file my_file_19.cif (mmCIF, C-alpha atoms)
data_structure
loop_
_atom_site.label_atom_id
_atom_site.label_comp_id
_atom_site.auth_asym_id
_atom_site.auth_seq_id
_atom_site.Cartn_x
_atom_site.Cartn_y
_atom_site.Cartn_z
CA MET A 1 92.27 72.03 67.03
CA ASN A 2 93.19 74.05 63.97
CA PRO A 3 89.74 75.63 63.52
CA ILE A 4 89.85 76.89 67.12
CA VAL A 5 93.35 78.28 66.60
CA GLU A 6 92.29 79.98 63.39
CA THR A 7 88.98 81.29 64.73
CA PHE A 8 90.51 82.85 67.85
CA HIS A 9 93.84 83.69 66.20
CA LEU A 10 95.71 81.82 68.90
CA ASP A 11 99.36 82.74 68.76
CA TRP A 12 101.92 81.30 71.17
CA LYS A 13 104.11 84.40 70.84
CA LEU A 14 101.22 86.59 71.89
CA MET A 15 100.48 84.25 74.79
CA LEU A 16 104.09 84.45 75.92
CA ALA A 17 103.98 88.24 75.63
CA GLN A 18 100.83 88.35 77.77
CA LEU A 19 102.41 85.98 80.29
CA PHE A 20 105.49 88.18 80.34
CA ASN A 21 103.22 91.13 81.17
CA PHE A 22 101.62 89.11 83.94
CA GLY A 23 105.09 88.16 85.18
CA ILE A 24 105.96 91.85 85.43
CA VAL A 25 102.77 92.42 87.44
CA VAL A 26 103.67 89.56 89.80
CA VAL A 27 107.18 90.90 90.36
CA VAL A 28 106.05 94.53 90.68
CA LEU A 29 103.24 93.74 93.12
CA TRP A 30 105.44 91.42 95.14
CA TYR A 31 108.43 93.75 95.28
CA PHE A 32 106.66 97.09 95.66
CA ALA A 33 103.47 96.25 97.52
CA LEU A 34 102.95 92.82 99.03
CA LYS A 35 106.39 92.19 100.50
CA PRO A 36 106.95 95.62 102.10
CA LEU A 37 103.33 95.82 103.22
CA SER A 38 103.43 92.36 104.82
CA LYS A 39 106.74 93.24 106.45
CA LYS A 40 105.34 96.49 107.80
CA ILE A 41 102.19 94.76 109.08
CA GLN A 42 104.31 92.12 110.82
CA GLU A 43 106.52 94.84 112.26
CA ARG A 44 103.46 96.71 113.51
CA THR A 45 102.01 93.53 114.98
CA LYS A 46 105.28 92.98 116.83
CA VAL A 47 105.30 96.57 118.09
CA ILE A 48 101.69 96.26 119.26
CA GLU A 49 102.35 92.91 120.90
CA LYS A 50 105.44 94.33 122.61
CA GLY A 51 103.48 97.38 123.69
CA LEU A 52 100.73 95.23 125.16
CA ALA A 53 103.26 92.98 126.87
CA ASP A 54 105.10 96.03 128.25
CA ALA A 55 101.83 97.57 129.46
CA LYS A 56 100.92 94.31 131.18
CA GLU A 57 104.37 94.07 132.73
CA SER A 58 104.19 97.70 133.85
CA ALA A 59 100.78 97.14 135.41
CA GLU A 60 102.12 94.09 137.24
CA LYS A 61 105.21 96.01 138.37
CA LEU A 62 103.03 98.90 139.53
CA LEU A 63 100.87 96.53 141.52
CA GLN A 64 103.94 94.92 143.04
CA ALA A 65 105.46 98.34 143.77
CA GLN A 66 102.25 99.40 145.49
CA LYS A 67 102.30 96.25 147.57
CA GLU A 68 105.98 96.81 148.43
CA GLN A 69 105.20 100.44 149.25
CA GLN A 70 102.47 99.33 151.64
CA VAL A 71 104.84 96.84 153.29
CA ILE A 72 107.61 99.45 153.55
CA ILE A 73 105.22 102.04 155.00
CA GLN A 74 103.92 99.49 157.48
CA GLU A 75 107.46 98.52 158.50
CA ALA A 76 108.49 102.18 158.76
CA ARG A 77 105.47 102.93 160.92
CA GLN A 78 106.23 100.00 163.19
CA LYS A 79 109.89 100.97 163.38
CA SER A 80 109.09 104.60 164.15
CA GLN A 81 106.73 103.53 166.90
CA GLN A 82 109.39 101.22 168.27
CA ILE A 83 111.99 104.01 168.13
CA LEU A 84 109.59 106.39 169.84
CA ALA A 85 108.91 103.88 172.58
CA GLU A 86 112.64 103.25 173.05
CA MET A 87 113.30 106.97 173.09
CA GLU A 88 110.62 107.57 175.70
CA LYS A 89 112.07 104.77 177.76
CA ASP A 90 115.61 106.16 177.39
CA VAL A 91 114.46 109.68 178.19
CA ALA A 92 112.67 108.49 181.33
CA GLN A 93 115.72 106.55 182.37
CA GLU A 94 117.98 109.49 181.64
CA ARG A 95 115.72 111.83 183.54
CA GLY A 96 115.72 109.50 186.56
CA GLN A 97 119.50 109.30 186.47
CA LEU A 98 119.83 113.08 186.14
CA LEU A 99 117.43 113.65 189.01
CA GLU A 100 119.25 111.20 191.17
CA GLN A 101 122.57 112.78 190.31
CA ALA A 102 121.18 116.26 190.97
CA GLN A 103 119.77 115.13 194.28
CA LYS A 104 123.10 113.61 195.19
CA GLU A 105 124.90 116.79 194.25
CA VAL A 106 122.44 118.90 196.20
CA GLN A 107 122.86 116.57 199.17
CA LYS A 108 126.58 116.79 198.88
CA LEU A 109 126.44 120.56 198.67
CA LEU A 110 124.22 120.67 201.72
CA GLU A 111 126.53 118.39 203.63
CA ASP A 112 129.56 120.42 202.60
CA ASN A 113 127.82 123.61 203.64
CA GLN A 114 126.84 122.02 206.92
CA LYS A 115 130.39 120.98 207.57
CA GLN A 116 131.69 124.39 206.64
CA LEU A 117 129.12 126.03 208.90
CA THR A 118 130.03 123.75 211.78
CA ALA A 119 133.68 124.49 211.24
CA GLU A 120 132.99 128.20 211.06
CA LYS A 121 130.91 127.93 214.16
CA GLN A 122 133.67 126.09 216.01
CA LYS A 123 136.16 128.61 214.87
CA MET A 124 133.91 131.45 215.95
CA LEU A 125 133.29 129.77 219.29
CA VAL A 126 136.98 129.42 219.90
CA GLN A 127 137.48 133.03 218.90
CA VAL A 128 134.54 134.21 220.98
CA LYS A 129 135.75 132.09 223.86
CA GLY A 130 139.13 133.72 223.72
CA GLU A 131 137.63 137.17 223.50
CA ILE A 132 135.21 136.40 226.35
CA VAL A 133 138.10 135.21 228.49
CA ASP A 134 139.91 138.38 227.73
CA LEU A 135 136.79 140.43 228.47
CA VAL A 136 136.09 138.57 231.69
CA VAL A 137 139.65 138.96 232.74
CA LEU A 138 139.58 142.56 231.84
CA ALA A 139 136.24 143.25 233.49
CA THR A 140 136.96 141.22 236.56
CA SER A 141 140.34 142.77 236.94
CA LYS A 142 138.87 146.20 236.56
CA VAL A 143 136.06 145.48 239.14
CA LEU A 144 138.20 143.64 241.55
CA GLU A 145 141.36 145.53 240.96
CA LYS A 146 141.63 146.86 244.41
CA THR A 147 139.59 144.40 246.58
CA VAL A 148 140.61 140.94 245.64
CA ASN A 149 143.99 139.39 245.78
CA ASP A 150 145.56 137.25 243.17
CA LYS A 151 144.37 134.01 244.62
CA LEU A 152 140.79 135.10 244.72
CA ASP A 153 141.16 136.69 241.41
CA ALA A 154 142.14 133.44 239.85
CA GLU A 155 139.18 131.61 241.42
CA ILE A 156 136.75 134.21 240.22
CA ILE A 157 138.12 134.00 236.73
CA LYS A 158 137.90 130.29 236.82
CA LYS A 159 134.31 130.42 238.04
CA SER A 160 133.36 133.05 235.47
CA LEU A 161 134.87 131.05 232.73
CA SER A 162 133.01 127.93 233.72
CA GLU A 163 129.75 129.86 233.80
CA ALA A 164 130.48 131.54 230.53
CA GLU A 165 131.18 128.17 229.00
CA ILE A 166 127.86 126.86 230.17
CA ASP A 167 126.10 129.87 228.79
CA LEU A 168 127.81 129.56 225.43
CA LYS A 169 126.88 125.88 225.14
CA VAL A 170 123.27 126.72 225.91
CA MET B 1 83.51 93.92 66.83
CA SER B 2 85.85 91.11 65.90
CA ILE B 3 86.13 88.05 68.16
CA THR B 4 89.90 88.27 67.82
CA ALA B 5 92.28 91.05 68.76
CA GLU B 6 93.18 93.29 65.86
CA PRO B 7 96.82 93.76 64.81
CA ILE B 8 98.07 97.30 65.26
CA PHE B 9 101.73 97.14 64.28
CA GLN B 10 104.51 94.69 63.64
CA ILE B 11 107.87 94.20 65.38
CA LYS B 12 109.79 91.95 62.97
CA ASP B 13 107.64 88.79 62.83
CA PHE B 14 105.80 89.60 66.06
CA THR B 15 102.36 91.17 65.62
CA VAL B 16 101.37 93.61 68.32
CA VAL B 17 97.61 93.47 68.81
CA ASN B 18 95.36 96.01 70.53
CA SER B 19 94.70 93.74 73.53
CA LEU B 20 98.45 93.53 74.14
CA ILE B 21 98.70 97.33 74.14
CA ASN B 22 95.90 97.43 76.69
CA SER B 23 97.75 94.85 78.72
CA TRP B 24 100.89 97.05 78.69
CA VAL B 25 98.81 99.98 79.92
CA ALA B 26 97.43 97.75 82.68
CA VAL B 27 100.97 96.79 83.69
CA LEU B 28 101.91 100.47 83.75
CA VAL B 29 98.89 101.37 85.90
CA ILE B 30 99.68 98.55 88.34
CA LEU B 31 103.34 99.62 88.43
CA VAL B 32 102.36 103.22 89.29
CA ILE B 33 99.91 102.07 91.99
CA ALA B 34 102.52 99.66 93.41
CA ILE B 35 105.15 102.42 93.57
CA LEU B 36 102.62 104.71 95.25
CA ILE B 37 101.90 101.99 97.81
CA ARG B 38 105.64 101.49 98.36
CA LYS B 39 106.11 105.21 98.99
CA LYS B 40 103.16 105.52 101.35
CA ILE B 41 103.98 102.52 103.53
CA ALA B 42 104.50 103.57 107.14
CA LEU B 43 104.37 101.88 110.52
CA ILE B 44 101.32 103.94 111.45
CA PRO B 45 98.96 103.64 108.48
CA LYS B 46 97.05 106.60 107.08
CA GLY B 47 94.37 107.04 104.40
CA PHE B 48 95.57 105.21 101.27
CA GLN B 49 97.59 102.65 103.22
CA ASN B 50 94.55 101.91 105.38
CA VAL B 51 92.51 101.13 102.27
CA ILE B 52 95.26 98.92 100.82
CA GLU B 53 95.71 97.07 104.11
CA MET B 54 91.95 96.60 104.39
CA ILE B 55 91.87 95.06 100.90
CA LEU B 56 94.89 92.88 101.68
CA GLU B 57 93.43 91.71 105.00
CA GLY B 58 90.08 90.98 103.32
CA ALA B 59 91.82 89.01 100.56
CA LEU B 60 93.85 87.03 103.10
CA ASN B 61 90.76 86.21 105.17
CA LEU B 62 88.85 85.12 102.06
CA ALA B 63 91.78 82.97 100.98
CA ASP B 64 92.03 81.52 104.50
CA SER B 65 88.46 80.31 104.21
CA ILE B 66 89.53 78.31 101.13
CA THR B 67 92.96 77.02 102.17
CA GLY B 68 92.17 76.69 105.88
CA LEU B 69 95.70 77.73 106.78
CA ARG B 70 97.24 81.23 106.78
CA GLU B 71 100.64 79.65 106.07
CA LYS B 72 99.31 78.10 102.85
CA THR B 73 97.45 81.28 101.94
CA LEU B 74 100.66 83.29 102.19
CA LYS B 75 102.37 80.83 99.84
CA PHE B 76 99.64 81.04 97.18
CA MET B 77 98.90 84.76 97.48
CA PRO B 78 101.94 86.02 95.52
CA LEU B 79 100.39 84.35 92.47
CA VAL B 80 96.67 84.74 93.14
CA LEU B 81 96.61 88.40 94.19
CA PRO B 82 98.49 89.72 91.11
CA LEU B 83 96.18 87.54 89.01
CA PHE B 84 93.18 89.28 90.53
CA PHE B 85 94.57 92.79 90.10
CA PHE B 86 95.85 92.13 86.57
CA ILE B 87 92.45 90.88 85.41
CA LEU B 88 90.61 93.61 87.31
CA VAL B 89 92.69 96.47 85.91
CA ASN B 90 92.46 95.00 82.41
CA ASN B 91 88.68 94.70 82.73
CA PHE B 92 88.26 98.23 84.07
CA LEU B 93 90.54 99.65 81.37
CA GLY B 94 88.29 97.99 78.83
CA ILE B 95 85.37 100.12 80.02
CA LEU B 96 87.23 103.43 79.80
CA PRO B 97 86.05 105.84 77.11
CA GLY B 98 88.17 105.49 74.00
CA VAL B 99 88.89 101.82 74.49
CA GLY B 100 87.26 100.08 71.59
CA SER B 101 86.02 103.35 70.12
CA ILE B 102 89.19 105.12 68.97
CA GLY B 103 90.92 103.55 66.02
CA LEU B 104 91.35 103.44 62.28
CA ILE B 105 89.06 102.35 59.52
CA GLU B 106 90.91 99.94 57.29
CA SER B 107 89.74 98.46 54.09
CA LYS B 108 90.23 94.74 53.71
CA ASP B 109 89.01 92.65 50.79
CA GLY B 110 86.93 95.58 49.63
CA GLN B 111 85.28 95.95 53.04
CA SER B 112 85.97 98.79 55.45
CA LEU B 113 86.83 97.56 58.95
CA PHE B 114 87.13 99.55 62.15
CA VAL B 115 90.32 98.67 64.04
CA PRO B 116 90.38 100.08 67.59
CA PHE B 117 93.76 100.95 69.13
CA PHE B 118 92.77 99.51 72.46
CA ARG B 119 90.82 96.42 73.35
CA SER B 120 90.24 94.96 76.82
CA GLY B 121 93.06 92.51 77.53
CA MET B 122 90.67 89.80 78.63
CA ALA B 123 88.60 90.13 75.45
CA ASP B 124 91.36 88.20 73.72
CA LEU B 125 91.50 84.42 74.14
CA ASN B 126 95.29 84.52 73.82
CA MET B 127 95.45 86.34 77.12
CA THR B 128 92.89 84.30 79.07
CA LEU B 129 94.23 81.01 77.70
CA ALA B 130 97.79 82.00 78.62
CA LEU B 131 96.68 82.81 82.16
CA ALA B 132 94.64 79.59 82.44
CA ILE B 133 97.56 77.46 81.22
CA MET B 134 99.86 79.25 83.64
CA VAL B 135 97.46 78.56 86.54
CA VAL B 136 97.07 74.88 85.65
CA VAL B 137 100.84 74.46 85.32
CA ALA B 138 101.26 76.23 88.67
CA THR B 139 98.75 73.84 90.30
CA HIS B 140 100.79 70.87 89.07
CA ILE B 141 104.02 72.39 90.37
CA VAL B 142 102.30 72.88 93.73
CA GLY B 143 101.07 69.27 93.57
CA VAL B 144 104.58 67.94 92.97
CA VAL B 145 106.04 70.16 95.73
CA TYR B 146 103.39 69.30 98.34
CA THR B 147 102.68 65.63 97.65
CA GLY B 148 105.78 64.44 95.79
CA ALA B 149 106.26 63.67 92.09
CA TRP B 150 105.30 59.95 92.29
CA LYS B 151 102.06 60.56 94.18
CA HIS B 152 101.17 63.46 91.91
CA ILE B 153 101.71 61.51 88.70
CA ASN B 154 99.68 58.64 90.11
CA LYS B 155 96.74 60.99 90.58
CA PHE B 156 96.39 61.21 86.81
CA ILE B 157 98.15 58.13 85.51
CA PRO B 158 97.71 55.60 88.33
CA ILE B 159 100.64 53.35 87.48
CA ASN B 160 100.72 52.12 91.07
CA LEU B 161 97.26 50.57 90.63
CA ILE B 162 98.46 48.54 87.67
CA LEU B 163 101.68 47.56 89.45
CA GLU B 164 99.88 46.31 92.54
CA ILE B 165 97.57 43.93 90.60
CA PRO B 166 100.01 40.92 90.52
CA ARG B 167 100.87 41.34 94.22
CA LYS B 168 97.21 41.49 95.26
CA ILE B 169 96.34 38.43 93.17
CA TRP B 170 99.29 36.14 94.11
CA LYS B 171 99.85 37.16 97.71
CA GLU B 172 96.48 38.39 98.99
CA LYS B 173 94.32 36.36 96.60
CA ASP B 174 92.26 39.51 96.02
CA PHE B 175 90.71 39.09 92.58
CA LYS B 176 88.56 42.22 92.86
CA VAL B 177 91.57 44.27 91.77
CA LEU B 178 91.19 42.83 88.27
CA LEU B 179 87.99 44.86 87.97
CA VAL B 180 88.50 47.77 90.38
CA ASN B 181 92.03 48.85 89.47
CA PRO B 182 91.47 49.23 85.71
CA ILE B 183 88.37 51.33 86.47
CA GLN B 184 90.38 53.46 88.87
CA PHE B 185 93.11 53.77 86.26
CA PHE B 186 90.53 54.99 83.78
CA VAL B 187 89.19 57.49 86.37
CA GLY B 188 92.72 58.80 86.72
CA VAL B 189 92.98 59.31 82.99
CA VAL B 190 89.61 61.09 83.06
CA GLU B 191 91.10 63.42 85.66
CA LEU B 192 93.86 64.17 83.18
CA VAL B 193 91.22 65.16 80.65
CA GLY B 194 89.64 67.20 83.46
CA GLU B 195 92.82 69.24 83.61
CA LEU B 196 92.32 70.22 79.98
CA ALA B 197 88.69 71.04 80.72
CA LYS B 198 89.87 73.14 83.64
CA THR B 199 92.08 75.16 81.32
CA ALA B 200 89.31 75.58 78.79
CA SER B 201 86.68 76.54 81.36
CA LEU B 202 88.95 79.07 83.08
CA SER B 203 89.96 80.76 79.84
CA LEU B 204 86.64 80.65 78.01
CA ARG B 205 84.60 81.85 81.00
CA LEU B 206 86.71 84.97 81.41
CA PHE B 207 87.02 85.62 77.70
CA GLY B 208 83.32 85.00 77.09
CA ASN B 209 82.11 87.30 79.85
CA VAL B 210 84.40 90.18 79.01
CA PHE B 211 83.92 89.88 75.26
CA ALA B 212 80.13 89.64 75.70
CA GLY B 213 80.29 92.76 77.86
CA GLU B 214 82.17 94.63 75.15
CA ILE B 215 79.61 93.54 72.55
CA LEU B 216 76.79 94.56 74.88
CA LEU B 217 78.26 98.03 75.43
CA GLY B 218 78.84 98.43 71.69
CA VAL B 219 75.28 97.46 70.91
CA MET B 220 73.84 99.75 73.59
CA ALA B 221 75.97 102.65 72.38
CA SER B 222 74.78 102.06 68.83
CA ILE B 223 71.13 102.14 69.97
CA PHE B 224 71.40 105.43 71.88
CA ALA B 225 74.88 106.65 72.55
CA TYR B 226 74.34 109.03 75.44
CA PHE B 227 72.26 107.47 78.20
CA THR B 228 71.47 103.87 77.39
CA PRO B 229 74.98 102.48 78.02
CA ILE B 230 75.28 104.06 81.51
CA PRO B 231 73.57 101.25 83.49
CA PHE B 232 75.44 98.73 81.36
CA LEU B 233 78.71 100.45 82.16
CA PHE B 234 77.98 99.91 85.85
CA LEU B 235 77.02 96.33 85.07
CA GLU B 236 80.33 95.86 83.25
CA LEU B 237 82.23 97.30 86.21
CA PHE B 238 80.51 94.74 88.39
CA VAL B 239 81.13 91.93 85.87
CA GLY B 240 84.78 92.94 85.60
CA LEU B 241 85.19 92.69 89.36
CA ILE B 242 83.26 89.43 89.65
CA GLN B 243 85.16 87.79 86.80
CA ALA B 244 88.51 88.79 88.29
CA LEU B 245 87.35 87.39 91.62
CA ILE B 246 86.06 84.15 90.09
CA PHE B 247 89.24 83.52 88.11
CA SER B 248 91.55 84.18 91.04
CA ILE B 249 89.42 82.24 93.53
CA LEU B 250 89.22 79.27 91.18
CA ALA B 251 92.99 79.47 90.76
CA LEU B 252 93.33 79.40 94.54
CA VAL B 253 90.90 76.47 94.84
CA PHE B 254 92.83 74.48 92.22
CA LEU B 255 96.14 75.29 93.90
CA ASN B 256 94.74 74.23 97.25
CA MET B 257 93.25 71.03 95.82
CA MET B 258 96.58 70.04 94.33
CA SER B 259 98.38 70.65 97.60
CA HIS B 260 96.44 67.71 99.12
CA SER B 261 97.28 64.13 98.33
CA HIS B 262 94.66 61.98 96.58
CA GLU B 263 93.78 60.15 99.83
CA GLU B 264 93.41 63.45 101.73
CA ALA B 265 91.17 64.86 99.02
CA HIS B 266 88.81 61.94 99.41
#

call {"tool": "encode", "arguments": {"input": "my_file_19.cif", "output": "C-alpha cells"}}
result
Amino acid sequence: MNPIVETFHLDWKLMLAQLFNFGIVVVVLWYFALKPLSKKIQERTKVIEKGLADAKESAEKLLQAQKEQQVIIQEARQKSQQILAEMEKDVAQERGQLLEQAQKEVQKLLEDNQKQLTAEKQKMLVQVKGEIVDLVVLATSKVLEKTVNDKLDAEIIKKSLSEAEIDLKV
Amino acid sequence: MSITAEPIFQIKDFTVVNSLINSWVAVLVILVIAILIRKKIALIPKGFQNVIEMILEGALNLADSITGLREKTLKFMPLVLPLFFFILVNNFLGILPGVGSIGLIESKDGQSLFVPFFRSGMADLNMTLALAIMVVVATHIVGVVYTGAWKHINKFIPINLILEIPRKIWKEKDFKVLLVNPIQFFVGVVELVGELAKTASLSLRLFGNVFAGEILLGVMASIFAYFTPIPFLFLELFVGLIQALIFSILALVFLNMMSHSHEEAH
C-alpha cells in the first residue's frame, strides 16, 4: 500500500479538503438550483394541471349552460305561445261580452226611446184631443150659432167628437 | 508533467496543491452559476432557465431509466447531479488556457522543474479517490437505509448462512448446506473485496483518463503549439463530459444496486 501512497502522494488531509469542496458544491447546487428549480417546476405543473382542469370544467359548464339555455328558450317559447292563446281566448270572450252588453244597452235605449215616444204621443193626443174639442166646439158654435138650439148643439158636438176620435185613431 | 499534484503553498502543516486550487475555482464557478440560476428562476421559464430545466429533465429521465422509479431518482439526484457538475467543471477548467502552462520553474535536487499554478482537479488521485470512497460509503448508507443493517451486512459477511447450518442439518436433515453455505459465505467475502475494486476502478478510471488527456495535450502542444492541439482540445472536452457522465452514472447504478436486497438483486 505504501508504494501507491508514495507514488500518487495520497494525503488524507487533501482528500478531506477535496471532499469539503465537493460538499460545498452539493449544498450550493441543492440550495440555489435543484431545490428552488424543482419547487418551481412542481408549482408550474400544479398551475398547468389546475388550468387544464379549470378549462375542462369551464367547457363542461358551457355545454351545460347551452343545454339549459336551449331548455329555457324552449320553455319560454311554449309559455309565450300558451299566453298568446289564452290572451286570444280572453280577448274573444271579452269582445263577446262587450258586444252583448252593447247590444243590451242599445236595446234598452231603443225601448226607452220607444216608451218615451209613446208617452209623448199619448200626451200629444190628449192635448190635440182637447184642442180639437175646443176647435169643434168653437167651429160648431160659430156655424150653428143661430140655427141650432142647445139640445141639438150638444148632439152635434157629441157626433163630431166621436168622428174626430175615429179619425185620430186611424 | 508530474503524476502527482504539485505543492503551491503551505498553510501550517497543510500543503495546498495546484489541483486543490483548481477545485476551489470550480466550486466558485458552480456557486456563481447556481446563484445565477436562483436569480433567474421564474414560473414562466425563459432562455437560460429553459436550458437548465432541459438539462435537469434530461438528467432525471436518464436516471429514471436506471432506477426505474422517479421517487428513487429524486432521492439519489442531490448526490449524483453535483457529482456530475463538479467533475465536469473541473475537467473543463483543466482545458482552459493557462491551466498547466502558467507556473514557476523550481530547482530541486539540481534539476529545474516546472510547477504549474493550476492543474485539473481530476488529474490528482487524491481527488478522484476521495470522490470514489465517498460514493462507495454513500452506497452502503443507502443499502442500510433501504434493506436494513442486518440484511446489508449479510450481503458481504453472510453470518446468517453460517448460523443456519446447524438448524438445516438437525431439523431438516439437509446436508448440502455443509458445502453450499461455506461457498456462499466465501462469495459474500469476495463481494466485500469487490467493494474495494469498485473504489479503485471508479477513482483510477477518472484519474487515468483526465491525466492522460493532460499529457496528450502537453505532448501535442510541444510538437506544434498553434494548431495541432486544437482537435485534441475538442477531444478532451468530449472526454471530460463522458468521464463526468460515466462516474456519476456508475455512482447512480451502485446506489440503485444497494437499494435492493440481495434476493431482489438476483

call {"tool": "residues_around", "arguments": {"input": "my_file_19.cif", "residues": "range 125-139 of chain B", "least_positions_apart": "3", "cutoff": "9 Å", "atoms": "only C-alpha atoms", "output": "mmCIF file with C-alpha atoms, in the coordinates of the input"}}
result
data_model
loop_
_atom_site.group_PDB
_atom_site.id
_atom_site.type_symbol
_atom_site.label_atom_id
_atom_site.label_comp_id
_atom_site.auth_asym_id
_atom_site.auth_seq_id
_atom_site.Cartn_x
_atom_site.Cartn_y
_atom_site.Cartn_z
ATOM 1 C CA PHE A 8 90.510 82.850 67.850
ATOM 2 C CA HIS A 9 93.840 83.690 66.200
ATOM 3 C CA LEU A 10 95.710 81.820 68.900
ATOM 4 C CA ASP A 11 99.360 82.740 68.760
ATOM 5 C CA TRP A 12 101.920 81.300 71.170
ATOM 6 C CA LEU A 14 101.220 86.590 71.890
ATOM 7 C CA MET A 15 100.480 84.250 74.790
ATOM 8 C CA LEU A 16 104.090 84.450 75.920
ATOM 9 C CA ALA A 17 103.980 88.240 75.630
ATOM 10 C CA GLN A 18 100.830 88.350 77.770
ATOM 11 C CA LEU A 19 102.410 85.980 80.290
ATOM 12 C CA PHE A 22 101.620 89.110 83.940
ATOM 13 C CA ILE B 3 86.130 88.050 68.160
ATOM 14 C CA THR B 4 89.900 88.270 67.820
ATOM 15 C CA ALA B 5 92.280 91.050 68.760
ATOM 16 C CA SER B 19 94.700 93.740 73.530
ATOM 17 C CA LEU B 20 98.450 93.530 74.140
ATOM 18 C CA SER B 23 97.750 94.850 78.720
ATOM 19 C CA LEU B 79 100.390 84.350 92.470
ATOM 20 C CA LEU B 83 96.180 87.540 89.010
ATOM 21 C CA GLY B 121 93.060 92.510 77.530
ATOM 22 C CA MET B 122 90.670 89.800 78.630
ATOM 23 C CA VAL B 142 102.300 72.880 93.730
ATOM 24 C CA GLY B 143 101.070 69.270 93.570
ATOM 25 C CA VAL B 144 104.580 67.940 92.970
ATOM 26 C CA GLU B 195 92.820 69.240 83.610
ATOM 27 C CA LEU B 196 92.320 70.220 79.980
ATOM 28 C CA LYS B 198 89.870 73.140 83.640
ATOM 29 C CA THR B 199 92.080 75.160 81.320
ATOM 30 C CA ALA B 200 89.310 75.580 78.790
ATOM 31 C CA SER B 201 86.680 76.540 81.360
ATOM 32 C CA LEU B 202 88.950 79.070 83.080
ATOM 33 C CA SER B 203 89.960 80.760 79.840
ATOM 34 C CA LEU B 204 86.640 80.650 78.010
ATOM 35 C CA ARG B 205 84.600 81.850 81.000
ATOM 36 C CA LEU B 206 86.710 84.970 81.410
ATOM 37 C CA PHE B 207 87.020 85.620 77.700
ATOM 38 C CA GLY B 208 83.320 85.000 77.090
ATOM 39 C CA PHE B 247 89.240 83.520 88.110
ATOM 40 C CA ALA B 251 92.990 79.470 90.760
ATOM 41 C CA LEU B 252 93.330 79.400 94.540
ATOM 42 C CA PHE B 254 92.830 74.480 92.220
ATOM 43 C CA LEU B 255 96.140 75.290 93.900
ATOM 44 C CA ASN B 256 94.740 74.230 97.250
ATOM 45 C CA MET B 257 93.250 71.030 95.820
ATOM 46 C CA MET B 258 96.580 70.040 94.330
ATOM 47 C CA SER B 259 98.380 70.650 97.600
#

call {"tool": "resolve_selection", "arguments": {"input": "my_file_19.cif", "expression": "the PyMOL selection byres ((chain B and resi 248) around 9)", "output": "list in words"}}
result
Leu79, Val80, Leu81, Pro82, Leu83, Phe84, Ile87, Gln243, Ala244, Leu245, Ile246, Phe247, Ile249, Leu250, Ala251, Leu252 and Val253 of chain B

call {"tool": "closest_residue", "arguments": {"input": "my_file_19.cif", "among": "B:Lys72, B:Leu60, B:Ile52, B:Ser120", "to": "Glu6 in chain B", "atoms": "only C-alpha atoms"}}
result
B:Ser120

call {"tool": "resolve_selection", "arguments": {"input": "my_file_19.cif", "expression": "the PyMOL selection byres ((chain A) within 10 of (chain B))", "output": "short mmCIF file (atom, residue, chain, number, x, y, z; two decimals) with C-alpha atoms, in the frame of the given file"}}
result
data_model
loop_
_atom_site.label_atom_id
_atom_site.label_comp_id
_atom_site.auth_asym_id
_atom_site.auth_seq_id
_atom_site.Cartn_x
_atom_site.Cartn_y
_atom_site.Cartn_z
CA VAL A 5 93.35 78.28 66.60
CA GLU A 6 92.29 79.98 63.39
CA THR A 7 88.98 81.29 64.73
CA PHE A 8 90.51 82.85 67.85
CA HIS A 9 93.84 83.69 66.20
CA LEU A 10 95.71 81.82 68.90
CA ASP A 11 99.36 82.74 68.76
CA TRP A 12 101.92 81.30 71.17
CA LYS A 13 104.11 84.40 70.84
CA LEU A 14 101.22 86.59 71.89
CA MET A 15 100.48 84.25 74.79
CA LEU A 16 104.09 84.45 75.92
CA ALA A 17 103.98 88.24 75.63
CA GLN A 18 100.83 88.35 77.77
CA LEU A 19 102.41 85.98 80.29
CA ASN A 21 103.22 91.13 81.17
CA PHE A 22 101.62 89.11 83.94
CA GLY A 23 105.09 88.16 85.18
CA ILE A 24 105.96 91.85 85.43
CA VAL A 25 102.77 92.42 87.44
CA VAL A 26 103.67 89.56 89.80
CA VAL A 27 107.18 90.90 90.36
CA VAL A 28 106.05 94.53 90.68
CA LEU A 29 103.24 93.74 93.12
CA TRP A 30 105.44 91.42 95.14
CA TYR A 31 108.43 93.75 95.28
CA PHE A 32 106.66 97.09 95.66
CA ALA A 33 103.47 96.25 97.52
CA LEU A 34 102.95 92.82 99.03
CA LYS A 35 106.39 92.19 100.50
CA PRO A 36 106.95 95.62 102.10
CA LEU A 37 103.33 95.82 103.22
CA SER A 38 103.43 92.36 104.82
CA LYS A 39 106.74 93.24 106.45
CA LYS A 40 105.34 96.49 107.80
CA ILE A 41 102.19 94.76 109.08
CA GLN A 42 104.31 92.12 110.82
CA GLU A 43 106.52 94.84 112.26
CA ARG A 44 103.46 96.71 113.51
CA THR A 45 102.01 93.53 114.98
CA VAL A 47 105.30 96.57 118.09
#

call {"tool": "residues_around", "arguments": {"input": "my_file_19.cif", "residues": "Asn18 in chain B", "least_positions_apart": "6", "cutoff": "7 Å", "atoms": "only C-alpha atoms", "output": "list in words"}}
result
Ala5, Glu6, Pro7, Ile8, Phe117, Phe118 and Arg119 of chain B

call {"tool": "residues_around", "arguments": {"input": "my_file_19.cif", "residues": "Lys176 in chain B", "least_positions_apart": "6", "cutoff": "12 Å", "atoms": "only C-alpha atoms", "output": "list in words"}}
result
Ile165, Pro166, Lys168, Ile169, Pro182 and Ile183 of chain B

call {"tool": "residues_around", "arguments": {"input": "my_file_19.cif", "residues": "range 219-225 of chain B", "least_positions_apart": "6", "cutoff": "12 Å", "atoms": "only C-alpha atoms", "output": "CSV table (one decimal) with C-alpha atoms, in the coordinates of the input"}}
result
chain,number,residue,atom,x,y,z
B,1,MET,CA,83.5,93.9,66.8
B,97,PRO,CA,86.0,105.8,77.1
B,100,GLY,CA,87.3,100.1,71.6
B,101,SER,CA,86.0,103.4,70.1
B,212,ALA,CA,80.1,89.6,75.7
B,213,GLY,CA,80.3,92.8,77.9
B,231,PRO,CA,73.6,101.2,83.5
B,232,PHE,CA,75.4,98.7,81.4
B,233,LEU,CA,78.7,100.4,82.2

call {"tool": "atom_distance", "arguments": {"input": "my_file_19.cif", "atom1": "CA of Gln111 in chain B", "atom2": "CA of Val99 in chain B"}}
result
22.5 Å
